[in-house]
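structure-v9.csv follows (CSV, C-alpha atoms):
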chain,number,residue,atom,x,y,z
A,26,MET,CA,-7.8,-38.3,14.3
A,27,THR,CA,-10.1,-37.5,11.4
A,28,PRO,CA,-13.7,-36.7,12.5
A,29,GLN,CA,-16.4,-39.0,11.2
A,30,ARG,CA,-18.2,-37.5,8.2
A,31,ALA,CA,-21.9,-36.8,8.9
A,32,VAL,CA,-24.5,-38.1,6.6
A,33,GLY,CA,-25.1,-35.6,3.8
A,34,GLU,CA,-21.8,-33.7,4.3
A,35,THR,CA,-19.9,-33.0,1.1
A,36,THR,CA,-16.1,-33.2,0.9
A,37,THR,CA,-13.8,-30.8,-1.0
A,38,VAL,CA,-10.1,-31.0,-1.5
A,39,VAL,CA,-7.9,-28.1,-2.5
A,40,ARG,CA,-4.8,-29.8,-3.9
A,41,ASN,CA,-1.4,-28.8,-5.3
A,42,GLY,CA,-1.2,-25.6,-3.3
A,43,ARG,CA,1.3,-23.7,-1.2
A,44,ILE,CA,-0.6,-23.7,2.1
A,45,VAL,CA,-0.1,-20.7,4.4
A,46,THR,CA,-0.3,-22.2,7.9
A,47,PRO,CA,0.3,-20.2,11.1
A,48,ASP,CA,3.9,-21.1,11.1
A,49,ALA,CA,5.1,-21.9,7.6
A,50,VAL,CA,4.2,-22.3,3.9
A,51,VAL,CA,3.9,-26.0,3.1
A,52,GLU,CA,3.3,-27.8,-0.1
A,53,GLY,CA,0.1,-29.9,-0.3
A,54,GLY,CA,-3.6,-29.5,0.1
A,55,VAL,CA,-6.5,-28.9,2.4
A,56,ARG,CA,-9.3,-31.4,3.0
A,57,VAL,CA,-12.7,-30.1,3.9
A,58,GLU,CA,-15.7,-32.2,5.2
A,59,GLY,CA,-18.9,-30.3,5.7
A,60,ASP,CA,-18.0,-26.8,7.0
A,61,ARG,CA,-14.7,-27.9,8.7
A,62,ILE,CA,-11.1,-28.4,7.8
A,63,VAL,CA,-10.1,-32.0,8.6
A,64,ALA,CA,-6.5,-32.2,7.2
A,65,VAL,CA,-3.8,-29.9,6.0
A,66,GLY,CA,-0.7,-30.9,4.0
A,67,ASP,CA,-0.7,-34.5,2.8
A,68,VAL,CA,-4.3,-35.2,2.1
A,69,SER,CA,-6.4,-37.8,0.4
A,70,GLU,CA,-7.8,-36.5,-2.9
A,71,ASP,CA,-10.9,-38.7,-2.8
A,72,ALA,CA,-13.7,-36.1,-2.5
A,73,ASP,CA,-16.9,-34.9,-4.0
A,74,GLU,CA,-15.1,-31.9,-5.4
A,75,THR,CA,-11.4,-31.3,-6.1
A,76,ILE,CA,-9.9,-27.9,-6.7
A,77,ASP,CA,-6.5,-27.7,-8.3
A,78,ALA,CA,-4.6,-24.7,-6.8
A,79,ALA,CA,-2.0,-25.1,-9.5
A,80,GLY,CA,0.9,-24.1,-7.3
A,81,ARG,CA,-0.9,-21.0,-6.0
A,82,LEU,CA,-1.1,-19.9,-2.4
A,83,VAL,CA,-3.9,-21.1,-0.2
A,84,LEU,CA,-4.7,-18.7,2.6
A,85,PRO,CA,-7.4,-18.6,5.4
A,86,GLY,CA,-10.3,-16.4,4.4
A,87,LEU,CA,-9.7,-12.8,5.3
A,88,VAL,CA,-11.5,-11.3,8.3
A,89,ASP,CA,-12.4,-7.6,8.0
A,90,LEU,CA,-13.4,-5.9,11.2
A,91,HIS,CA,-13.9,-2.4,9.7
A,92,GLY,CA,-15.1,-2.0,6.2
A,93,ASP,CA,-17.4,0.9,5.2
A,94,ASP,CA,-17.4,0.2,1.5
A,95,ILE,CA,-21.1,-0.6,1.7
A,96,GLU,CA,-21.6,3.2,1.6
A,97,SER,CA,-20.1,3.5,-1.9
A,98,HIS,CA,-22.5,0.7,-3.1
A,99,LEU,CA,-25.5,2.5,-1.6
A,100,HIS,CA,-24.6,5.9,-2.9
A,101,PRO,CA,-22.3,5.5,-6.0
A,102,ARG,CA,-22.8,9.2,-6.6
A,103,SER,CA,-24.0,12.0,-4.4
A,104,GLY,CA,-27.8,11.9,-4.4
A,105,ALA,CA,-27.9,8.6,-6.3
A,106,ARG,CA,-29.4,6.1,-3.9
A,107,MET,CA,-29.4,2.4,-4.8
A,108,ASP,CA,-31.6,-0.3,-3.4
A,109,THR,CA,-30.2,-1.5,-0.1
A,110,HIS,CA,-30.3,-5.2,-0.8
A,111,MET,CA,-28.7,-4.7,-4.3
A,112,ALA,CA,-25.9,-2.7,-2.6
A,113,LEU,CA,-25.4,-5.5,0.0
A,114,ALA,CA,-25.4,-8.2,-2.6
A,115,THR,CA,-22.8,-6.3,-4.7
A,116,ALA,CA,-20.7,-5.7,-1.6
A,117,ASP,CA,-20.9,-9.4,-0.8
A,118,ARG,CA,-19.4,-10.4,-4.2
A,119,ALA,CA,-16.9,-7.6,-4.2
A,120,ASN,CA,-15.6,-8.6,-0.8
A,121,LEU,CA,-15.3,-12.3,-1.8
A,122,ALA,CA,-13.3,-11.2,-4.9
A,123,ALA,CA,-11.0,-9.4,-2.4
A,124,GLY,CA,-10.6,-12.6,-0.3
A,125,ILE,CA,-12.8,-11.4,2.6
A,126,THR,CA,-14.9,-14.3,3.9
A,127,THR,CA,-15.9,-12.7,7.2
A,128,LYS,CA,-17.1,-9.1,6.8
A,129,PHE,CA,-17.9,-6.6,9.6
A,130,HIS,CA,-19.8,-3.8,8.0
A,131,ALA,CA,-18.7,-0.6,9.8
A,132,ILE,CA,-22.1,1.1,9.8
A,133,SER,CA,-21.8,4.8,10.8
A,134,PHE,CA,-24.6,5.9,13.2
A,135,GLU,CA,-24.1,9.6,12.6
A,136,VAL,CA,-26.3,12.5,11.6
A,137,ASP,CA,-24.8,13.8,8.4
A,138,PRO,CA,-27.2,14.0,5.5
A,139,ASP,CA,-24.6,15.4,3.1
A,140,GLU,CA,-22.4,12.3,3.7
A,141,ASN,CA,-25.5,10.1,3.4
A,142,ARG,CA,-25.3,9.0,7.0
A,143,SER,CA,-28.1,8.8,9.6
A,144,PRO,CA,-29.2,6.6,12.4
A,145,GLU,CA,-32.2,5.6,10.3
A,146,LEU,CA,-30.0,4.4,7.4
A,147,GLY,CA,-27.7,2.6,9.9
A,148,ALA,CA,-30.7,0.7,11.2
A,149,GLU,CA,-31.9,-0.1,7.7
A,150,ILE,CA,-28.5,-1.5,6.7
A,151,THR,CA,-28.3,-3.5,9.9
A,152,ASP,CA,-31.7,-5.0,9.3
A,153,ALA,CA,-30.8,-5.9,5.7
A,154,VAL,CA,-27.6,-7.7,6.9
A,155,GLU,CA,-29.4,-9.5,9.6
A,156,THR,CA,-32.3,-10.7,7.4
A,157,ALA,CA,-30.5,-11.5,4.1
A,158,ASP,CA,-30.5,-15.1,3.2
A,159,ASP,CA,-28.7,-15.1,-0.1
A,160,LEU,CA,-25.3,-13.7,0.8
A,161,LEU,CA,-22.2,-15.9,0.3
A,162,ALA,CA,-19.8,-14.5,2.8
A,163,ASP,CA,-20.3,-14.3,6.6
A,164,HIS,CA,-21.7,-10.8,7.2
A,165,ARG,CA,-21.8,-9.1,10.6
A,166,ILE,CA,-22.5,-5.6,11.9
A,167,HIS,CA,-19.9,-3.2,13.4
A,168,ALA,CA,-22.0,-0.4,14.8
A,169,ARG,CA,-20.0,2.8,14.9
A,170,CYS,CA,-21.5,5.3,17.4
A,171,GLU,CA,-20.9,9.1,17.0
A,172,VAL,CA,-21.0,10.0,20.7
A,173,THR,CA,-21.3,13.7,20.0
A,174,GLN,CA,-24.9,13.1,18.9
A,175,PRO,CA,-27.4,11.8,21.5
A,176,GLU,CA,-29.7,10.3,18.9
A,177,CYS,CA,-26.9,8.2,17.6
A,178,VAL,CA,-26.1,6.9,21.1
A,179,ASP,CA,-29.8,5.9,21.4
A,180,ALA,CA,-29.8,4.2,18.0
A,181,VAL,CA,-26.6,2.2,18.7
A,182,GLU,CA,-27.9,1.2,22.2
A,183,ALA,CA,-31.1,-0.1,20.5
A,184,VAL,CA,-29.0,-2.2,18.0
A,185,ILE,CA,-27.0,-3.6,20.9
A,186,THR,CA,-30.2,-4.5,22.9
A,187,ALA,CA,-31.7,-6.2,19.8
A,188,GLY,CA,-28.6,-8.4,19.6
A,189,ASP,CA,-27.8,-7.2,16.0
A,190,ALA,CA,-24.2,-5.9,16.7
A,191,ALA,CA,-21.2,-8.2,16.6
A,192,LEU,CA,-18.8,-5.3,17.3
A,193,VAL,CA,-19.4,-1.8,18.6
A,194,SER,CA,-17.1,1.2,18.4
A,195,VAL,CA,-17.2,4.7,19.8
A,196,MET,CA,-16.1,7.8,17.9
A,197,SER,CA,-16.2,11.6,18.2
A,198,HIS,CA,-15.6,13.6,15.1
A,199,ILE,CA,-14.8,17.0,16.5
A,200,PRO,CA,-11.9,19.5,16.1
A,201,GLY,CA,-9.0,18.7,18.3
A,202,LYS,CA,-9.9,15.0,18.5
A,203,GLY,CA,-8.3,12.1,16.6
A,204,GLN,CA,-7.7,12.6,13.0
A,205,PHE,CA,-9.0,16.2,13.3
A,206,ARG,CA,-6.1,17.8,15.0
A,207,ASP,CA,-7.5,21.3,14.8
A,208,ARG,CA,-10.3,23.4,13.3
A,209,ASP,CA,-8.5,23.7,9.9
A,210,ALA,CA,-8.0,19.9,9.7
A,211,PHE,CA,-11.8,19.4,10.3
A,212,ILE,CA,-12.7,22.0,7.6
A,213,ASP,CA,-10.3,20.5,5.1
A,214,TYR,CA,-11.7,17.0,5.6
A,215,TYR,CA,-15.3,18.1,4.9
A,216,ARG,CA,-14.2,20.4,2.0
A,217,ASN,CA,-12.4,17.5,0.4
A,218,SER,CA,-15.4,15.1,0.9
A,219,GLN,CA,-17.2,17.1,-1.9
A,220,GLN,CA,-20.3,16.8,0.2
A,221,HIS,CA,-20.0,19.9,2.5
A,222,THR,CA,-19.4,23.6,2.0
A,223,VAL,CA,-16.9,25.3,4.4
A,224,GLU,CA,-19.9,27.0,6.0
A,225,GLU,CA,-21.6,23.7,6.7
A,226,ALA,CA,-18.4,22.4,8.3
A,227,GLU,CA,-18.2,25.5,10.5
A,228,GLU,CA,-21.8,24.9,11.6
A,229,MET,CA,-20.8,21.3,12.6
A,230,ILE,CA,-17.9,22.7,14.6
A,231,ASP,CA,-20.1,25.0,16.5
A,232,GLU,CA,-22.7,22.2,17.1
A,233,ARG,CA,-20.2,19.5,18.2
A,234,GLY,CA,-17.7,21.7,19.9
A,235,ASP,CA,-20.1,22.9,22.5
A,236,ILE,CA,-20.4,19.4,24.0
A,237,ALA,CA,-18.5,19.0,27.3
A,238,HIS,CA,-15.9,16.3,27.5
A,239,ASP,CA,-17.6,14.9,30.6
A,240,THR,CA,-20.8,14.4,28.5
A,241,ILE,CA,-18.8,12.5,25.8
A,242,ARG,CA,-17.3,10.3,28.4
A,243,GLU,CA,-20.7,9.5,29.9
A,244,ARG,CA,-21.9,8.5,26.5
A,245,VAL,CA,-18.9,6.3,25.8
A,246,ASP,CA,-19.4,4.6,29.2
A,247,ARG,CA,-23.1,4.1,28.4
A,248,ILE,CA,-22.3,2.3,25.1
A,249,ALA,CA,-19.4,0.4,26.5
A,250,GLY,CA,-21.6,-0.8,29.4
A,251,ALA,CA,-24.4,-1.9,27.1
A,252,ALA,CA,-22.0,-3.8,24.9
A,253,ALA,CA,-20.2,-5.4,27.8
A,254,ASP,CA,-23.5,-6.6,29.3
A,255,ARG,CA,-24.0,-8.7,26.1
A,256,ASP,CA,-20.4,-9.8,25.6
A,257,ILE,CA,-20.0,-7.7,22.5
A,258,PRO,CA,-16.4,-6.6,21.7
A,259,ILE,CA,-15.9,-2.8,22.0
A,260,ALA,CA,-13.5,-0.7,19.9
A,261,SER,CA,-12.5,2.9,20.0
A,262,HIS,CA,-11.7,5.1,16.9
A,263,ASP,CA,-8.8,7.5,16.3
A,264,ASP,CA,-7.3,7.3,19.8
A,265,GLU,CA,-5.2,10.4,20.2
A,266,ASP,CA,-2.9,9.8,23.3
A,267,PRO,CA,-1.9,7.2,25.9
A,268,ALA,CA,-4.1,8.7,28.5
A,269,GLU,CA,-7.2,8.3,26.4
A,270,VAL,CA,-6.6,4.6,25.7
A,271,THR,CA,-5.8,4.0,29.4
A,272,ARG,CA,-9.3,5.4,30.3
A,273,LEU,CA,-11.0,3.5,27.4
A,274,ASP,CA,-9.3,0.3,28.6
A,275,SER,CA,-10.7,0.9,32.1
A,276,VAL,CA,-14.3,0.8,30.7
A,277,GLY,CA,-13.9,-2.4,28.7
A,278,VAL,CA,-12.7,-1.2,25.3
A,279,GLY,CA,-10.6,-4.0,23.9
A,280,ILE,CA,-9.6,-2.7,20.4
A,281,SER,CA,-7.9,0.5,19.5
A,282,GLU,CA,-8.6,1.4,15.9
A,283,TYR,CA,-6.3,3.7,14.0
A,284,PRO,CA,-4.4,5.2,17.0
A,285,ILE,CA,-3.0,8.4,15.6
A,286,THR,CA,0.5,8.3,17.3
A,287,LEU,CA,3.0,5.6,18.0
A,288,ASP,CA,3.0,6.3,21.7
A,289,THR,CA,-0.8,5.8,21.7
A,290,ALA,CA,-0.5,2.5,19.9
A,291,GLU,CA,2.3,1.3,22.2
A,292,ARG,CA,0.2,2.1,25.3
A,293,ALA,CA,-2.8,0.2,23.9
A,294,ALA,CA,-0.6,-2.8,23.2
A,295,ASP,CA,0.9,-2.6,26.7
A,296,LEU,CA,-2.6,-2.6,28.1
A,297,GLY,CA,-3.4,-5.8,26.2
A,298,MET,CA,-5.8,-4.0,23.7
A,299,ALA,CA,-5.7,-5.3,20.1
A,300,VAL,CA,-4.4,-2.6,17.8
A,301,ALA,CA,-6.0,-2.3,14.4
A,302,MET,CA,-4.6,-0.2,11.6
A,303,GLY,CA,-5.7,0.5,8.1
A,304,ALA,CA,-4.6,-1.8,5.3
A,305,PRO,CA,-4.8,1.1,2.7
A,306,ASN,CA,-2.4,3.1,4.9
A,307,LEU,CA,0.1,0.2,4.5
A,308,VAL,CA,-0.4,-0.3,0.8
A,309,ARG,CA,-0.2,3.5,0.1
A,310,GLY,CA,2.7,4.0,2.4
A,311,GLU,CA,1.1,6.8,4.4
A,312,SER,CA,-1.9,7.9,6.4
A,313,GLN,CA,-4.4,10.0,4.5
A,314,TRP,CA,-4.5,12.5,7.4
A,315,GLY,CA,-0.8,12.6,8.2
A,316,ASN,CA,-1.2,10.4,11.3
A,317,LEU,CA,0.7,7.2,12.3
A,318,ARG,CA,1.9,5.1,9.4
A,319,THR,CA,0.8,1.5,9.5
A,320,ALA,CA,4.3,0.5,8.4
A,321,ASP,CA,5.9,2.3,11.4
A,322,ALA,CA,3.4,0.6,13.8
A,323,ILE,CA,4.3,-2.8,12.4
A,324,ASP,CA,8.0,-2.0,12.7
A,325,ALA,CA,7.3,-1.2,16.4
A,326,GLY,CA,5.6,-4.6,16.8
A,327,VAL,CA,2.2,-3.2,18.0
A,328,VAL,CA,-0.2,-4.1,15.1
A,329,ASP,CA,-2.5,-7.1,15.7
A,330,ALA,CA,-5.0,-6.6,12.9
A,331,LEU,CA,-5.4,-4.8,9.6
A,332,VAL,CA,-8.7,-3.6,8.4
A,333,ALA,CA,-10.0,-2.8,4.9
A,334,ASP,CA,-11.5,0.6,5.9
A,335,TYR,CA,-12.8,2.1,2.6
A,336,HIS,CA,-10.9,-0.3,0.1
A,337,PRO,CA,-11.4,-4.1,0.4
A,338,PRO,CA,-8.7,-5.0,-2.1
A,339,SER,CA,-6.1,-3.4,0.1
A,340,LEU,CA,-6.6,-6.0,2.8
A,341,LEU,CA,-5.3,-8.9,0.7
A,342,ALA,CA,-2.6,-6.6,-0.9
A,343,ALA,CA,-1.4,-5.7,2.6
A,344,ALA,CA,-0.3,-9.3,3.3
A,345,PHE,CA,2.1,-9.0,0.4
A,346,VAL,CA,3.7,-5.7,1.4
A,347,ASP,CA,7.3,-6.5,2.3
A,348,THR,CA,7.6,-5.7,6.0
A,349,GLY,CA,10.7,-7.8,6.5
A,350,GLU,CA,8.6,-10.6,8.1
A,351,PRO,CA,7.7,-14.1,6.8
A,352,LEU,CA,4.5,-14.5,4.9
A,353,PRO,CA,2.6,-16.3,7.7
A,354,ALA,CA,3.2,-13.3,10.0
A,355,ARG,CA,1.8,-10.9,7.4
A,356,VAL,CA,-1.2,-13.1,6.7
A,357,HIS,CA,-1.9,-13.4,10.4
A,358,ARG,CA,-2.8,-9.7,10.5
A,359,VAL,CA,-5.6,-10.1,8.0
A,360,THR,CA,-6.9,-13.5,9.2
A,361,ALA,CA,-6.2,-14.8,12.7
A,362,GLY,CA,-5.3,-11.5,14.2
A,363,PRO,CA,-8.7,-9.8,13.6
A,364,ALA,CA,-10.6,-13.0,14.4
A,365,ASP,CA,-8.8,-13.3,17.7
A,366,ALA,CA,-9.6,-9.6,18.5
A,367,VAL,CA,-13.3,-10.3,18.5
A,368,GLY,CA,-13.3,-13.8,19.9
A,369,LEU,CA,-13.9,-15.7,16.6
A,370,GLU,CA,-11.8,-18.8,17.6
A,371,ASP,CA,-13.0,-21.0,14.8
A,372,ARG,CA,-11.4,-19.2,11.8
A,373,GLY,CA,-8.3,-17.4,10.6
A,374,ARG,CA,-6.0,-20.4,10.6
A,375,LEU,CA,-5.8,-23.4,8.2
A,376,GLU,CA,-5.9,-26.0,10.9
A,377,PRO,CA,-8.0,-29.2,11.4
A,378,GLY,CA,-11.2,-28.4,13.3
A,379,ASN,CA,-11.4,-24.8,12.1
A,380,ARG,CA,-14.2,-23.4,10.0
A,381,ALA,CA,-13.4,-24.0,6.3
A,382,ASP,CA,-13.0,-20.4,5.1
A,383,LEU,CA,-10.2,-20.3,2.6
A,384,VAL,CA,-9.0,-18.6,-0.6
A,385,VAL,CA,-6.7,-19.5,-3.4
A,386,VAL,CA,-4.5,-16.6,-4.4
A,387,ASP,CA,-2.4,-15.8,-7.5
A,388,GLU,CA,0.4,-13.5,-6.4
A,389,ALA,CA,1.4,-11.9,-9.7
A,390,PRO,CA,1.1,-9.4,-11.1
A,391,THR,CA,-1.0,-8.3,-8.1
A,392,PRO,CA,-2.5,-10.6,-5.5
A,393,THR,CA,-5.8,-11.9,-6.9
A,394,VAL,CA,-8.3,-14.4,-5.6
A,395,THR,CA,-9.1,-17.2,-7.9
A,396,ARG,CA,-11.2,-19.4,-5.6
A,397,ALA,CA,-13.0,-19.0,-2.3
A,398,LEU,CA,-14.7,-21.3,0.1
A,399,VAL,CA,-17.0,-20.1,2.9
A,400,GLY,CA,-18.0,-22.6,5.6
A,401,GLY,CA,-16.8,-25.4,3.3
A,402,ARG,CA,-18.9,-24.2,0.3
A,403,PRO,CA,-17.1,-23.2,-2.9
A,404,VAL,CA,-18.7,-19.8,-3.5
A,405,TYR,CA,-16.3,-17.9,-5.8
A,406,ARG,CA,-14.3,-18.8,-8.9
A,407,ALA,CA,-12.5,-16.4,-11.3
A,408,THR,CA,-12.0,-17.7,-14.8
A,409,ASP,CA,-10.4,-16.4,-18.0
A,410,ILE,CA,-12.1,-16.2,-21.4
A,411,ASP,CA,-11.5,-20.0,-22.0
A,412,GLY,CA,-13.1,-20.9,-18.7
A,413,VAL,CA,-9.9,-21.9,-17.0
A,414,SER,CA,-9.8,-21.3,-13.3
A,415,ARG,CA,-7.4,-18.5,-12.4

Before we go any further, please render this structure as structure tokens.
Amino acid sequence: MTPQRAVGETTTVVRNGRIVTPDAVVEGGVRVEGDRIVAVGDVSEDADETIDAAGRLVLPGLVDLHGDDIESHLHPRSGARMDTHMALATADRANLAAGITTKFHAISFEVDPDENRSPELGAEITDAVETADDLLADHRIHARCEVTQPECVDAVEAVITAGDAALVSVMSHIPGKGQFRDRDAFIDYYRNSQQHTVEEAEEMIDERGDIAHDTIRERVDRIAGAAADRDIPIASHDDEDPAEVTRLDSVGVGISEYPITLDTAERAADLGMAVAMGAPNLVRGESQWGNLRTADAIDAGVVDALVADYHPPSLLAAAFVDTGEPLPARVHRVTAGPADAVGLEDRGRLEPGNRADLVVVDEAPTPTVTRALVGGRPVYRATDIDGVSR
């Protein structure tokens, strides 16, 4: 049954598309009333606005649980700081152009001035996201807590208490943990970042390496407990072995981000945790750090969600990497999969009753967004020089 249209609601119809539903790709359209999808497939074209998909694919809007691209907009060069709201507005439009309609900004609460990271900057970005009233996509905060630093634990706990975090994750960037397999790997990472000298990296090793594992566990438990008290989903970062994810699961962590071995990813999946891997890893064909390949984790059937990480365009591109699966299964990992992982039940699927977040995509020569709707509002349109929608 079609819901009654409320007074003042506008209707939009996307017609002549190939609609990617959860189970198949169907010819037809999507009808939107207000902020909801009311029909998919054979739809009436009587509407306030009609968008001709011209045979292109129509996908649910992408959901990115972990994107730290805001950092490159804030600091396009080392030492060159841009206005926070300008950076956020630029990231907003760039993510829409990449098909991302729900964005979790992965804000790093970490003391690292040379990488332009601090608890104070994390709090500033959080406040900017929470108070902005001119953004087009749905923006949320993923607060990343560096548990080796007590001031960062305090800062993230404050964000949780204030109700500003929609997702929280725990991380510990120390040698012998996660992506940093040993001292040399840690030094290489910071040398290649072009922000640190080897001497500075060695100082960080000395500072963070002195922290007892029991202390780290206590801080993880503190953040996990604070998040659980407020029903905020909790993720862990760079899980290194099955024993670690088993313990994290026991304190309420529900998402394993970037597990570094297949055994770890499989254990997380067995425990019912959602496994999130990097879309750039899949698009590039390898992990930047020589860890688990996203393609191998997909082959093993343990990947629930892909995340943009540092490169938003990779999230859309990942859905078109041939994994031997049908398109709806690949699209699921960048739409419904991440939405389900954080309990967003109203998006990620083009079905009646769901929030009307959707994108029109031209597949060739590379997947490109031509139109985007967020909450039923047409907010993005790509045109060529003649003004024709692409």

Give me, as JSON lines, the closest atom pair and its distance (Å, one decimal) for every residue of stretch 160-179 of chain A within a cut-off of 12 Å of stretch 361-371 of chain A, counting all atoms listed in the file, rows sorted by chain and rising number.
{"residue": "A:Asp163", "atom": "CA", "partner": "A:Leu369", "partner_atom": "CA", "distance": 12.0}
{"residue": "A:Arg165", "atom": "CA", "partner": "A:Val367", "partner_atom": "CA", "distance": 11.7}
{"residue": "A:His167", "atom": "CA", "partner": "A:Val367", "partner_atom": "CA", "distance": 11.0}

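Going from atom CA of A:Arg61 to atom CA of A:Asp382 covers 8.5 Å.
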
> Quick one: residues within 12 Å of A:Ser312, only C-alpha atoms counted, chain neighbours fewer than 5 positions away excluded, as a PyMOL selection string?
Replying inline: chain A and resi 204+283-286+302-307+317-322

For C-alpha atoms, I'd like the residues from the last selection saved as an mmCIF file, in the coordinates of the input.
data_model
loop_
_atom_site.group_PDB
_atom_site.id
_atom_site.type_symbol
_atom_site.label_atom_id
_atom_site.label_comp_id
_atom_site.auth_asym_id
_atom_site.auth_seq_id
_atom_site.Cartn_x
_atom_site.Cartn_y
_atom_site.Cartn_z
ATOM 1 C CA GLN A 204 -7.700 12.600 13.000
ATOM 2 C CA TYR A 283 -6.300 3.700 14.000
ATOM 3 C CA PRO A 284 -4.400 5.200 17.000
ATOM 4 C CA ILE A 285 -3.000 8.400 15.600
ATOM 5 C CA THR A 286 0.500 8.300 17.300
ATOM 6 C CA MET A 302 -4.600 -0.200 11.600
ATOM 7 C CA GLY A 303 -5.700 0.500 8.100
ATOM 8 C CA ALA A 304 -4.600 -1.800 5.300
ATOM 9 C CA PRO A 305 -4.800 1.100 2.700
ATOM 10 C CA ASN A 306 -2.400 3.100 4.900
ATOM 11 C CA LEU A 307 0.100 0.200 4.500
ATOM 12 C CA LEU A 317 0.700 7.200 12.300
ATOM 13 C CA ARG A 318 1.900 5.100 9.400
ATOM 14 C CA THR A 319 0.800 1.500 9.500
ATOM 15 C CA ALA A 320 4.300 0.500 8.400
ATOM 16 C CA ASP A 321 5.900 2.300 11.400
ATOM 17 C CA ALA A 322 3.400 0.600 13.800
#

Name the residues in contact with A:Val68 at a cut-off of 7 Å, using all atoms listed in the file, excluding same-chain residues fewer than 6 positions from it; report them as number ranges by chain. A: 54-56

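A straight line drawn from atom CA of A:Glu311 to atom CA of A:Ala343 is 12.9 Å long.
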
Subject >> Residue nearest A:Pro337 - candidates A:Arg81, A:Arg40, A:His357, A:Arg118, atoms counted: all atoms listed in the file >> reply: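 Nearest to A:Pro337: A:Arg118.
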
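The nearest approach to A:Thr271 among the residues A:Ile257, A:Leu383, A:Leu296, A:Val136, with only C-alpha atoms taken into account, belongs to A:Leu296.
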
Would you write out, as a tab-separated table, a table of all residues in stretch 278-361 of chain A that have an atom no more than 12 Å from an atom of stretch 83-105 of chain A, listing for each the closest atom pair and the distance in Å to one decimal, considering all atoms listed in the file and ordering rows by chain and rising residue number?
residue	atom	partner	partner_atom	distance
A:Ile280	CA	A:Leu90	CA	10.5
A:Ser281	CA	A:Leu90	CA	11.8
A:Glu282	CA	A:His91	CA	9.0
A:Tyr283	CA	A:His91	CA	10.7
A:Ala299	CA	A:Leu90	CA	11.8
A:Val300	CA	A:Leu90	CA	11.6
A:Ala301	CA	A:Leu90	CA	8.8
A:Met302	CA	A:His91	CA	9.7
A:Gly303	CA	A:His91	CA	8.8
A:Ala304	CA	A:Asp89	CA	10.1
A:Pro305	CA	A:Gly92	CA	11.3
A:Asp329	CA	A:Leu90	CA	11.9
A:Ala330	CA	A:Leu90	CA	8.6
A:Leu331	CA	A:Asp89	CA	7.7
A:Val332	CA	A:Asp89	CA	5.5
A:Ala333	CA	A:Gly92	CA	5.3
A:Asp334	CA	A:Gly92	CA	4.5
A:Tyr335	CA	A:Asp94	CA	5.1
A:His336	CA	A:Asp94	CA	6.7
A:Pro337	CA	A:Gly92	CA	7.2
A:Pro338	CA	A:Asp94	CA	10.8
A:Ser339	CA	A:Asp89	CA	10.9
A:Leu340	CA	A:Leu87	CA	7.9
A:Leu341	CA	A:Leu87	CA	7.5
A:Ala342	CA	A:Leu87	CA	11.3
A:Ala343	CA	A:Leu87	CA	11.3
A:Ala344	CA	A:Leu87	CA	10.2
A:Leu352	CA	A:Leu84	CA	10.4
A:Pro353	CA	A:Leu84	CA	9.2
A:Arg355	CA	A:Leu84	CA	11.2
A:Val356	CA	A:Leu84	CA	7.8
A:His357	CA	A:Pro85	CA	9.1
A:Arg358	CA	A:Val88	CA	9.1
A:Val359	CA	A:Leu87	CA	5.6
A:Thr360	CA	A:Leu87	CA	4.9
A:Ala361	CA	A:Val88	CA	7.7

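The interatomic distance for the pair atom CA of A:Val399 and atom CA of A:Thr186 works out to 28.6 Å.
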
In terms of all atoms listed in the file, the residue from A:Ala354, A:Ala293, A:Ala64, A:Met196 at minimal distance from A:Val270 is A:Ala293

Across A:Ser194, A:Ile241, A:Gly188, A:Ile150, the smallest distance to A:Val172, with all atoms listed in the file counted, is shown by A:Ile241

* Asked: Using only C-alpha atoms, which of A:Asp246, A:Asp189, A:Asp117, A:Glu291 sits nearest A:Leu273?
  ->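 Using only C-alpha atoms, the shortest distance to A:Leu273 belongs to A:Asp246.
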
Counting all atoms listed in the file, the option among A:Glu70, A:Asp158, A:Asp108, A:Asp264 closest to A:Leu146 =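 Nearest to A:Leu146: A:Asp108.
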
Enumerate, as a PyMOL selection string, the protein, DNA and RNA residues whose atoms approach (-19.1, 13.2, 17.8) to within 6 Å, taking into account only C-alpha atoms and the coordinate frame of the file.
chain A and resi 171-174+197-199

Next on the checklist: When you look at stretch 393-395 of chain A with a cut-off of 8 Å (counting only C-alpha atoms), what residues show up, excluding the ones that are within fewer than 5 positions of it in the same chain? I need them as a ChimeraX atom specification.
Outcome noted: /A:122-124,384-388,405-408,414-415
